[in-house]
Amino acid sequence: MNAPDDRDTELELQLAGQPLDDTDLALLAALQAAYAEADPVPVGLVERLQFEITLDALNTELATLTQLDLSGAGARGSTEEARTITFTSDSLTTMVTLTPLGTDTVRVDGWAVPGADIRIEILLASATRETTADEDGRFVFDEVPTGLAKFALYVPRGDEFATVLSPTIEL
């Protein structure tokens, strides 16, 4: 096989700079069909990626999952039991309890420490809901649809707010 010379490289650059024609589009369609058959995109992957890319600031403090109560996960446990999840970051600890209200909604009871006057958003795939914690750091979201969610907490720091973002969880 011959090494590419300058003429080959120049021709490739000229072709690369031209608009796509019918031959290019047919080749791309054939490649797409081959990949779709051999290695299809997992169901829900695009939605999960779009959901994860919703960070609104690079300065966001990320909380880590520190405790997950799986009491309802055992063979003898009921799926109707509440789950408790705790997230921690350098400046905030947040605990949420998820209580099923039916097959497709939950109630979210939460506590943030320190929590007075923290604005909390629950980021859902289809919407965002917002509330403010009371003086004890307690907050509630009623009838939240099940699915992927994360919490954004806005902690007052003088005239500004620090953002703490939880990992994505399944409600």
# chains A, B, ... in the order shown; residues from 1 in each chain; ligands from 1
$ residues_around --residues "segment 84-86 of chain A" --least-positions-apart "3" --cutoff "12 Å" --atoms "only C-alpha atoms" --output "VMD selection string"
chain A and resid 63 to 72 81 89 92 to 100 107 to 113 150 to 151 166 to 171
$ residues_around --residues "segment 118-125 of chain A" --least-positions-apart "2" --cutoff "7 Å" --atoms "only C-alpha atoms" --output "mmCIF file with N, CA and C atoms, in the first residue's frame"
data_model
loop_
_atom_site.group_PDB
_atom_site.id
_atom_site.type_symbol
_atom_site.label_atom_id
_atom_site.label_comp_id
_atom_site.auth_asym_id
_atom_site.auth_seq_id
_atom_site.Cartn_x
_atom_site.Cartn_y
_atom_site.Cartn_z
ATOM 1 N N PHE A 51 -31.016 14.990 30.302
ATOM 2 C CA PHE A 51 -31.305 15.344 31.689
ATOM 3 C C PHE A 51 -30.019 15.670 32.447
ATOM 4 N N GLY A 115 -30.460 24.659 56.920
ATOM 5 C CA GLY A 115 -31.475 24.721 55.894
ATOM 6 C C GLY A 115 -32.402 25.907 55.848
ATOM 7 N N ALA A 116 -32.324 26.825 56.762
ATOM 8 C CA ALA A 116 -33.265 27.937 56.745
ATOM 9 C C ALA A 116 -33.125 28.745 55.465
ATOM 10 N N ALA A 127 -40.149 18.550 33.839
ATOM 11 C CA ALA A 127 -40.448 19.836 34.469
ATOM 12 C C ALA A 127 -39.498 20.082 35.634
ATOM 13 N N THR A 128 -39.611 21.267 36.200
ATOM 14 C CA THR A 128 -38.872 21.624 37.410
ATOM 15 C C THR A 128 -39.880 22.184 38.404
ATOM 16 N N ARG A 129 -39.781 21.739 39.643
ATOM 17 C CA ARG A 129 -40.634 22.281 40.708
ATOM 18 C C ARG A 129 -39.743 22.956 41.733
ATOM 19 N N GLU A 130 -40.302 23.938 42.428
ATOM 20 C CA GLU A 130 -39.503 24.735 43.344
ATOM 21 C C GLU A 130 -40.256 24.968 44.645
ATOM 22 N N THR A 131 -39.508 25.015 45.742
ATOM 23 C CA THR A 131 -40.059 25.374 47.048
ATOM 24 C C THR A 131 -38.936 25.982 47.882
ATOM 25 N N THR A 132 -39.275 26.454 49.069
ATOM 26 C CA THR A 132 -38.283 27.009 49.991
ATOM 27 C C THR A 132 -38.373 26.272 51.313
ATOM 28 N N ALA A 133 -37.221 25.940 51.874
ATOM 29 C CA ALA A 133 -37.190 25.250 53.169
ATOM 30 C C ALA A 133 -37.620 26.202 54.270
ATOM 31 N N LEU A 148 -36.514 9.738 36.726
ATOM 32 C CA LEU A 148 -35.239 10.315 37.130
ATOM 33 C C LEU A 148 -35.435 11.723 37.679
ATOM 34 N N ALA A 149 -34.669 12.038 38.719
ATOM 35 C CA ALA A 149 -34.754 13.360 39.332
ATOM 36 C C ALA A 149 -33.438 13.685 40.019
ATOM 37 N N LYS A 150 -33.203 14.961 40.192
ATOM 38 C CA LYS A 150 -32.099 15.421 41.030
ATOM 39 C C LYS A 150 -32.559 16.687 41.721
ATOM 40 N N PHE A 151 -31.852 17.052 42.776
ATOM 41 C CA PHE A 151 -32.207 18.219 43.562
ATOM 42 C C PHE A 151 -31.137 19.289 43.399
ATOM 43 N N ALA A 152 -31.583 20.514 43.199
ATOM 44 C CA ALA A 152 -30.694 21.674 43.193
ATOM 45 C C ALA A 152 -31.081 22.516 44.399
ATOM 46 N N LEU A 153 -30.127 22.755 45.275
ATOM 47 C CA LEU A 153 -30.365 23.545 46.475
ATOM 48 C C LEU A 153 -29.546 24.819 46.377
ATOM 49 N N TYR A 154 -30.195 25.958 46.617
ATOM 50 C CA TYR A 154 -29.558 27.263 46.493
ATOM 51 C C TYR A 154 -29.412 27.836 47.899
ATOM 52 N N VAL A 155 -28.170 27.819 48.394
ATOM 53 C CA VAL A 155 -27.868 28.204 49.763
ATOM 54 C C VAL A 155 -27.477 29.677 49.790
ATOM 55 N N PRO A 156 -28.190 30.502 50.596
ATOM 56 C CA PRO A 156 -27.843 31.925 50.661
ATOM 57 C C PRO A 156 -26.441 32.126 51.248
#
$ closest_residue --among "A:Pro114, A:Gly102, A:Glu135, A:Gly158" --to "Thr88 of chain A" --atoms "only C-alpha atoms"
A:Pro114
$ atom_distance --atom1 "atom CA of Pro145 of chain A" --atom2 "atom CA of Asp104 of chain A"
5.7 Å
$ select_by_dssp --residues "chain A" --states "alpha helix (DSSP H)" --output "VMD selection string"
chain A and resid 6 to 16 22 to 38 45 to 52
$ closest_residue --among "A:Glu61, A:Asp5, A:Asp39, A:Asp117" --to "Asp90 of chain A" --atoms "only C-alpha atoms"
A:Glu61
$ atom_distance --atom1 "atom CA of Leu49 of chain A" --atom2 "atom CA of Leu31 of chain A"
22.8 Å
$ atom_distance --atom1 "atom CA of Leu45 of chain A" --atom2 "atom CA of Leu28 of chain A"
21.9 Å
